[in-house]
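Text of data_19.txt (compact mmCIF, C-alpha atoms and all ligand atoms) as supplied:
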# COMPACT_ATOMS: atom_id res chain seq x y z
CA MET A 120 -7.99 -15.55 10.92
CA ASP A 121 -4.96 -16.01 8.70
CA ASP A 122 -1.76 -15.09 10.57
CA ALA A 123 -0.05 -14.19 7.29
CA LEU A 124 -2.40 -11.19 6.89
CA TYR A 125 -0.80 -9.44 9.84
CA PHE A 126 2.34 -11.27 10.87
CA SER A 127 5.65 -11.86 9.13
CA GLU A 128 7.65 -15.02 9.70
CA GLN A 129 9.69 -13.05 12.21
CA HIS A 130 6.57 -12.08 14.19
CA VAL A 131 5.50 -15.72 14.34
CA ALA A 132 8.99 -16.75 15.48
CA VAL A 133 8.96 -14.10 18.24
CA ARG A 134 5.51 -15.26 19.33
CA GLU A 135 6.63 -18.88 19.53
CA MET A 136 9.74 -17.96 21.52
CA VAL A 137 7.80 -15.85 24.06
CA ARG A 138 5.01 -18.43 24.32
CA GLU A 139 7.55 -21.08 25.19
CA PHE A 140 9.22 -18.85 27.78
CA ALA A 141 5.84 -17.91 29.30
CA ARG A 142 4.75 -21.55 29.45
CA ASP A 143 8.01 -22.92 30.86
CA GLU A 144 9.25 -20.09 33.11
CA VAL A 145 6.37 -17.73 33.91
CA ALA A 146 3.37 -20.03 34.39
CA PRO A 147 5.01 -22.17 37.12
CA VAL A 148 5.70 -19.12 39.36
CA ALA A 149 2.89 -16.73 38.40
CA ALA A 150 0.31 -17.59 41.07
CA ARG A 151 2.85 -17.76 43.90
CA PHE A 152 4.61 -14.52 42.93
CA ASP A 153 1.25 -12.78 42.63
CA ALA A 154 0.14 -13.98 46.07
CA ASP A 155 3.47 -13.03 47.69
CA ALA A 156 4.00 -9.84 45.64
CA THR A 157 7.44 -11.14 44.62
CA PHE A 158 9.29 -9.33 41.85
CA PRO A 159 10.44 -11.99 39.33
CA TRP A 160 14.19 -11.26 39.25
CA ALA A 161 15.24 -14.60 37.75
CA ASN A 162 12.75 -14.16 34.92
CA VAL A 163 13.88 -10.56 34.44
CA LYS A 164 17.38 -11.90 33.88
CA ARG A 165 16.08 -14.45 31.38
CA MET A 166 13.95 -11.81 29.61
CA GLY A 167 17.04 -9.63 29.28
CA GLU A 168 18.96 -12.53 27.72
CA LEU A 169 16.08 -13.16 25.29
CA GLY A 170 16.05 -9.50 24.24
CA LEU A 171 12.58 -8.89 25.67
CA LEU A 172 13.56 -5.79 27.67
CA GLY A 173 14.60 -3.75 24.64
CA VAL A 174 12.48 -5.14 21.81
CA PRO A 175 11.93 -1.96 19.73
CA TRP A 176 15.30 -0.27 20.28
CA SER A 177 18.09 -0.35 17.71
CA GLU A 178 20.83 -2.93 17.96
CA ALA A 179 23.29 -0.01 18.15
CA LEU A 180 21.70 0.87 21.52
CA GLY A 181 21.65 -2.75 22.67
CA GLY A 182 18.04 -3.44 21.66
CA ALA A 183 16.60 -6.27 19.60
CA GLY A 184 15.92 -3.95 16.65
CA LEU A 185 12.40 -5.31 16.09
CA ASP A 186 9.21 -3.47 15.16
CA LEU A 187 6.31 -2.35 17.36
CA ILE A 188 4.16 -5.33 16.35
CA SER A 189 6.87 -7.63 17.75
CA TYR A 190 6.87 -5.57 20.95
CA MET A 191 3.08 -5.90 21.25
CA ILE A 192 3.30 -9.65 20.62
CA VAL A 193 5.81 -9.95 23.48
CA ILE A 194 3.58 -8.07 25.93
CA GLU A 195 0.46 -9.95 24.86
CA GLU A 196 2.05 -13.39 25.15
CA LEU A 197 3.46 -12.60 28.59
CA ALA A 198 0.27 -10.97 29.85
CA LYS A 199 -1.82 -13.96 28.77
CA VAL A 200 0.07 -16.00 31.34
CA ASP A 201 0.85 -13.32 33.95
CA ALA A 202 -0.16 -9.66 33.71
CA SER A 203 2.70 -8.62 36.00
CA HIS A 204 5.36 -9.95 33.61
CA GLY A 205 3.65 -8.09 30.75
CA LEU A 206 3.62 -4.88 32.80
CA THR A 207 7.25 -5.34 33.81
CA VAL A 208 8.26 -5.35 30.14
CA SER A 209 5.92 -2.55 29.05
CA ALA A 210 6.64 -0.15 31.94
CA HIS A 211 10.38 -0.74 31.62
CA THR A 212 10.34 -0.24 27.85
CA THR A 213 7.63 2.34 27.16
CA LEU A 214 7.66 4.33 30.40
CA GLY A 215 11.26 3.94 31.52
CA THR A 216 13.33 3.73 28.34
CA SER A 217 11.37 5.35 25.50
CA PRO A 218 11.66 8.95 26.80
CA ILE A 219 15.45 8.60 26.71
CA VAL A 220 15.42 6.93 23.28
CA HIS A 221 13.08 9.55 21.79
CA PHE A 222 14.17 12.73 23.56
CA GLY A 223 17.64 12.04 24.98
CA THR A 224 20.89 13.52 23.74
CA GLU A 225 23.39 11.13 22.13
CA GLU A 226 25.33 11.03 25.42
CA GLN A 227 22.19 10.24 27.43
CA LYS A 228 21.16 7.48 25.01
CA LEU A 229 24.58 5.86 25.03
CA ARG A 230 24.89 6.10 28.81
CA TYR A 231 21.50 4.67 29.82
CA VAL A 232 19.73 2.82 26.99
CA PRO A 233 22.17 -0.13 26.62
CA LEU A 234 21.86 -0.89 30.35
CA LEU A 235 18.06 -0.76 30.13
CA ALA A 236 17.72 -2.57 26.80
CA ALA A 237 19.80 -5.48 28.05
CA GLY A 238 17.78 -5.60 31.27
CA LYS A 239 20.88 -5.05 33.40
CA VAL A 240 18.88 -2.59 35.53
CA MET A 241 15.18 -1.78 35.66
CA GLY A 242 13.85 1.61 34.56
CA GLY A 243 10.75 3.63 35.33
CA PHE A 244 8.91 6.90 34.75
CA GLY A 245 7.80 9.19 37.56
CA LEU A 246 4.96 11.55 36.71
CA THR A 247 2.07 10.74 39.06
CA GLU A 248 1.78 12.63 42.36
CA PRO A 249 -1.01 12.96 44.92
CA GLU A 250 -2.24 16.06 43.01
CA ALA A 251 -1.14 15.04 39.51
CA GLY A 252 -2.40 11.92 37.74
CA SER A 253 -4.55 12.40 34.65
CA ASP A 254 -3.66 16.10 34.87
CA ALA A 255 0.13 16.48 34.77
CA GLY A 256 -0.43 20.24 35.14
CA GLY A 257 -0.95 19.63 38.88
CA THR A 258 2.70 18.57 39.31
CA ARG A 259 4.21 19.89 42.56
CA THR A 260 7.70 18.38 42.32
CA MET A 261 10.06 21.32 41.82
CA ALA A 262 13.41 21.53 40.02
CA VAL A 263 15.38 24.68 40.84
CA ARG A 264 18.49 25.51 38.81
CA LYS A 265 21.69 26.20 40.79
CA LYS A 266 24.71 26.74 38.56
CA ASP A 267 25.63 23.30 37.12
CA HIS A 268 22.79 21.31 38.67
CA TYR A 269 19.09 21.32 39.54
CA VAL A 270 17.76 20.68 43.04
CA LEU A 271 14.69 18.43 42.97
CA ASN A 272 12.13 18.14 45.76
CA GLY A 273 8.86 16.20 45.65
CA VAL A 274 7.08 12.86 45.93
CA LYS A 275 5.89 10.63 43.09
CA ARG A 276 3.43 7.82 43.73
CA PHE A 277 2.31 4.60 42.05
CA ILE A 278 5.63 4.37 40.19
CA THR A 279 6.21 1.04 38.47
CA HIS A 280 9.69 -0.23 39.47
CA GLY A 281 10.00 2.58 42.05
CA HIS A 282 11.52 0.13 44.54
CA VAL A 283 13.39 -2.30 42.27
CA GLY A 284 14.54 0.16 39.58
CA GLU A 285 17.74 2.17 39.18
CA ILE A 286 17.15 4.57 36.25
CA PHE A 287 14.14 6.91 36.25
CA VAL A 288 12.80 9.69 34.09
CA VAL A 289 11.08 12.08 36.52
CA THR A 290 8.97 15.13 35.73
CA ALA A 291 9.34 18.37 37.69
CA VAL A 292 8.25 22.00 37.44
CA THR A 293 11.06 24.22 36.14
CA THR A 294 8.91 27.28 35.33
CA PRO A 295 6.06 27.71 37.84
CA GLY A 296 2.73 29.11 36.65
CA GLN A 297 2.92 27.67 33.12
CA GLY A 298 1.06 24.39 33.72
CA THR A 299 2.32 21.51 31.59
CA LYS A 300 4.48 23.95 29.56
CA GLY A 301 6.58 24.63 32.66
CA ILE A 302 7.46 20.97 33.28
CA SER A 303 10.78 19.31 32.34
CA SER A 304 12.02 15.74 32.64
CA PHE A 305 15.20 14.60 34.36
CA ILE A 306 17.13 11.34 34.51
CA LEU A 307 17.67 10.25 38.11
CA THR A 308 19.52 7.20 39.40
CA LYS A 309 19.54 5.26 42.66
CA PRO A 310 20.51 1.74 43.71
CA THR A 311 17.77 -0.89 43.55
CA GLY A 312 15.96 -1.42 46.85
CA ASP A 313 16.25 -5.17 46.25
CA LEU A 314 20.06 -5.43 46.29
CA GLU A 315 20.17 -8.93 47.77
CA ALA A 316 17.61 -10.50 45.45
CA ALA A 317 19.09 -8.69 42.48
CA ALA A 318 22.60 -9.93 43.36
CA ALA A 319 21.29 -13.48 43.71
CA ALA A 320 19.77 -13.26 40.22
CA GLY A 321 22.83 -11.53 38.78
CA VAL A 322 20.94 -8.50 37.40
CA GLY A 323 19.28 -5.32 38.65
CA HIS A 324 22.25 -3.33 39.93
CA ASP A 325 24.95 -1.36 38.15
CA PRO A 326 27.49 0.18 40.54
CA SER A 327 28.58 2.70 37.89
CA LEU A 328 25.23 4.53 38.20
CA PRO A 329 25.42 7.35 40.77
CA ALA A 330 23.43 6.87 43.97
CA MET A 331 21.95 10.40 44.01
CA ARG A 332 21.73 11.63 47.59
CA GLY A 333 18.14 12.28 48.70
CA PHE A 334 16.58 10.10 45.98
CA ARG A 335 14.94 6.94 47.28
CA ALA A 336 11.89 4.72 47.11
CA GLY A 337 9.12 5.24 49.66
CA LYS A 338 6.06 3.13 50.47
CA LYS A 339 5.59 -0.02 48.39
CA GLU A 340 1.97 -0.47 47.26
CA ASP A 341 0.13 -3.60 48.43
CA LYS A 342 -2.10 -3.90 45.36
CA LEU A 343 -5.21 -5.94 44.55
CA GLY A 344 -3.76 -7.10 41.21
CA TRP A 345 -0.51 -7.05 39.20
CA ARG A 346 1.09 -7.90 42.53
CA ALA A 347 4.36 -9.25 41.11
CA SER A 348 4.82 -5.89 39.40
CA ASP A 349 6.64 -3.47 41.70
CA THR A 350 4.80 -0.19 42.46
CA ALA A 351 6.20 2.33 44.94
CA GLU A 352 6.63 5.97 45.85
CA LEU A 353 9.71 7.88 44.73
CA ILE A 354 10.92 10.50 47.18
CA MET A 355 13.20 13.40 46.27
CA GLU A 356 14.70 15.49 49.07
CA ASP A 357 17.15 18.15 47.88
CA VAL A 358 18.44 15.82 45.15
CA GLU A 359 21.25 17.45 43.18
CA VAL A 360 20.77 16.47 39.54
CA PRO A 361 23.49 17.53 37.07
CA VAL A 362 22.30 19.85 34.29
CA GLU A 363 23.33 17.21 31.74
CA ASN A 364 20.67 14.89 33.23
CA ARG A 365 17.88 17.17 32.04
CA LEU A 366 16.24 15.17 29.27
CA GLY A 367 17.01 16.41 25.78
C1 LIG B 1 -0.38 -0.41 38.89
C2 LIG B 1 -0.12 1.03 38.56
C3 LIG B 1 1.11 1.39 38.02
C4 LIG B 1 1.38 2.73 37.74
N1 LIG B 1 2.61 3.07 37.24
C5 LIG B 1 2.90 4.39 37.06
C6 LIG B 1 4.21 4.79 36.63
O1 LIG B 1 5.09 3.95 36.38
N2 LIG B 1 4.47 6.11 36.52
C7 LIG B 1 3.53 7.08 36.78
O2 LIG B 1 3.84 8.25 36.66
N3 LIG B 1 2.28 6.72 37.18
C8 LIG B 1 1.95 5.41 37.32
N4 LIG B 1 0.70 5.05 37.74
C9 LIG B 1 -0.27 6.09 38.01
C10 LIG B 1 -1.31 6.25 36.92
O3 LIG B 1 -0.70 6.74 35.75
C11 LIG B 1 -2.36 7.19 37.50
O4 LIG B 1 -3.06 6.46 38.48
C12 LIG B 1 -3.28 7.72 36.44
O5 LIG B 1 -2.61 8.67 35.64
C13 LIG B 1 -4.52 8.38 37.05
O6 LIG B 1 -4.15 9.34 37.98
P1 LIG B 1 -4.80 9.36 39.44
O7 LIG B 1 -4.61 8.02 40.06
O8 LIG B 1 -4.27 10.55 40.16
O9 LIG B 1 -6.36 9.52 39.19
P2 LIG B 1 -7.13 10.85 38.81
O10 LIG B 1 -6.38 11.63 37.79
O11 LIG B 1 -7.51 11.54 40.08
O12 LIG B 1 -8.42 10.23 38.14
C14 LIG B 1 -9.42 9.57 38.91
C15 LIG B 1 -10.60 9.27 38.00
O13 LIG B 1 -11.13 10.51 37.46
C16 LIG B 1 -11.17 10.45 36.04
N5 LIG B 1 -10.83 11.78 35.50
C17 LIG B 1 -9.72 12.49 35.77
N6 LIG B 1 -9.75 13.67 35.11
C18 LIG B 1 -10.90 13.69 34.41
C19 LIG B 1 -11.49 14.65 33.53
N7 LIG B 1 -10.91 15.81 33.24
N8 LIG B 1 -12.68 14.33 32.98
C20 LIG B 1 -13.29 13.15 33.27
N9 LIG B 1 -12.78 12.21 34.10
C21 LIG B 1 -11.60 12.48 34.66
C22 LIG B 1 -10.12 9.42 35.64
O14 LIG B 1 -10.42 8.81 34.40
C23 LIG B 1 -10.23 8.41 36.78
O15 LIG B 1 -11.28 7.50 36.56
C24 LIG B 1 0.39 3.72 38.00
C25 LIG B 1 -0.85 3.35 38.52
C26 LIG B 1 -1.10 2.02 38.80
C27 LIG B 1 -2.44 1.67 39.38

Before anything else, please render the file you have as structure tokens.
Ligand SMILES: Cc1cc2nc3c(=O)[nH]c(=O)nc-3n(C[C@H](O)[C@H](O)[C@H](O)COP(=O)(O)OP(=O)(O)OC[C@H]3O[C@@H](n4cnc5c(N)ncnc54)[C@H](O)[C@@H]3O)c2cc1C
Amino acid sequence: MDDALYFSEQHVAVREMVREFARDEVAPVAARFDADATFPWANVKRMGELGLLGVPWSEALGGAGLDLISYMIVIEELAKVDASHGLTVSAHTTLGTSPIVHFGTEEQKLRYVPLLAAGKVMGGFGLTEPEAGSDAGGTRTMAVRKKDHYVLNGVKRFITHGHVGEIFVVTAVTTPGQGTKGISSFILTKPTGDLEAAAAAGVGHDPSLPAMRGFRAGKKEDKLGWRASDTAELIMEDVEVPVENRLG
């Protein structure tokens, strides 16, 4: 197949850059990190420096300003060598950051996207619950409005970056009885559960993000595969979320 049919010179350059990174930095640690379920903080730092944690976002928001084909090339080249690294980039970008890029207010975008796009902290998306997976209409997490904030209660499970991440878009029922139409999304923040490892790598924690009381990671999943990708519960107990953190 002729590359030129599908790929521009820029796509080929991105592919070469990620291939080299995957060969030199990911391959040597992939098997060990998978066996030990170690989150690859040092490589996260390097991926941030290479622009791999904000590939499709505009340069104005701190992204690399590249197209979706470039983004797919990045995930494919990483996943060829280690699926966990590919998932780290895709969950952070598509699940964690894209809802804010696509539906956030200007203030929300400027506050959160540059941190995520540069890979300074990890992001995630919390939808799945014990009774809500394929069917988001089964969501039980509740958000009740009280003057200038919402109070969130509930448990999310299988959340990529639930333990290591700091910025999350979380879904909750705001109007009961309306199925998926009664669900809203909120931006929640907490400190990474890996403070020591993150500090050693020099990424993963931003002290300017509020540690919302009652918002924390729960059980970490001991998975059969993708073991260097972090998957955990997110627990919300009377978390007070400012109204301005409602998405959009
Ligand atoms: C490694 C990993 C990372 C994840 N990361 C995240 C994350 O970051 N954020 C997040 O919110 N979630 C995450 N998830 C959860 C994932 O999105 C859910 O597992 C998925 O949506 C399925 O939900 P469930 O597990 O409740 O299964 P169920 O919805 O109970 O489905 C079980 C099975 O039934 C089938 N099924 C369901 N409904 C129907 C139907 N109507 N007709 C026919 N078949 C049906 C499904 O295809 C599936 O095979 C992650 C999961 C894994 C394994």

With all atoms listed in the file as the basis for distance, which of A:Tyr231, A:Phe244, A:Phe152, A:Phe305 is at the shortest distance from ligand LIG 1 (chain B)?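 So, comparing all the options, the nearest one is A:Phe244.
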
Using only C-alpha atoms, can you tell me which of A:Val220, A:Phe140, A:Pro147, A:Val131 comes closest to Gly173 of chain A?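 Closest residue, counting only C-alpha atoms: A:Val220.
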
Would you give the centre and edge lengths, in Å to one decimal, of a box along x, y and z around the listed atoms of ligand LIG 1 (chain B), with 4 Å added to each side, as lines of an AutoDock Vina configuration file?
center_x = -4.1
center_y = 7.7
center_z = 36.6
size_x = 26.4
size_y = 24.2
size_z = 15.2

Once you count only C-alpha atoms and all ligand atoms, which residues end up within 10 Å of ligand LIG 1 (chain B), and could you hand them over as JSON, numbers by chain? {"A": [203, 206, 207, 209, 210, 211, 213, 214, 215, 242, 243, 244, 245, 246, 247, 248, 249, 250, 251, 252, 253, 254, 255, 257, 275, 276, 277, 278, 279, 280, 281, 287, 288, 289, 290, 340, 342, 343, 344, 345, 346, 348, 349, 350, 351, 352, 353]}

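Proximity to Asp267 of chain A was assessed for A:Arg151, A:Arg365, A:Lys239, A:Lys338 counting all atoms listed in the file; the smallest distance is recorded for A:Arg365.
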
If you count all atoms listed in the file, the residue of A:Ala149, A:Leu180, A:Ala161, A:Ala132 closest to Ala318 of chain A turns out to be A:Ala161

Point out the residue among A:Leu197, A:Val263, A:Gly337, A:Gly296 with the least atom-to-atom distance to Val360 of chain A, counting all atoms listed in the file.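 Result for the nearest residue to Val360 of chain A: A:Val263.
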
For Lys300 of chain A, which residue among A:Gly167, A:Glu196, A:Thr258, A:Ser177 is the nearest when counting all atoms listed in the file?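 For Lys300 of chain A, the nearest of the given residues is A:Thr258.
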
Between atom CA of Ile354 of chain A and atom CA of Ser304 of chain A, measure the distance and give it in Å to one decimal.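 Computed distance, atom CA of Ile354 of chain A to atom CA of Ser304 of chain A, equals 15.5 Å.
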
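The space separating atom CA of Ala347 of chain A from atom CA of Met136 of chain A comes to 22.1 Å.
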
With a distance cut-off of 8 Å and only C-alpha atoms, select the neighbouring residues of Glu168 of chain A, excluding the residue or stretch itself and same-chain residues fewer than 4 positions from it, and output the selection as a PyMOL selection string. chain A and resi 164+237-238

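Picture a line from atom CA of Gly312 of chain A to atom CA of Ala336 of chain A; it runs 7.4 Å.
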
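For Phe126 of chain A, the residues within 10 Å (counting all atoms listed in the file, excluding itself and residues fewer than 6 positions away along the chain) are Ala132, Arg134, Ile188, Ser189 and Ile192 of chain A.
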
Is there a way to get, as an MDAnalysis selection string, all residues within 12 Å of the point (28.3, -0.5, 39.4) in file coordinates, counting all atoms listed in the file? chainID A and resid 234 239:240 285 308:311 314 318 322:330
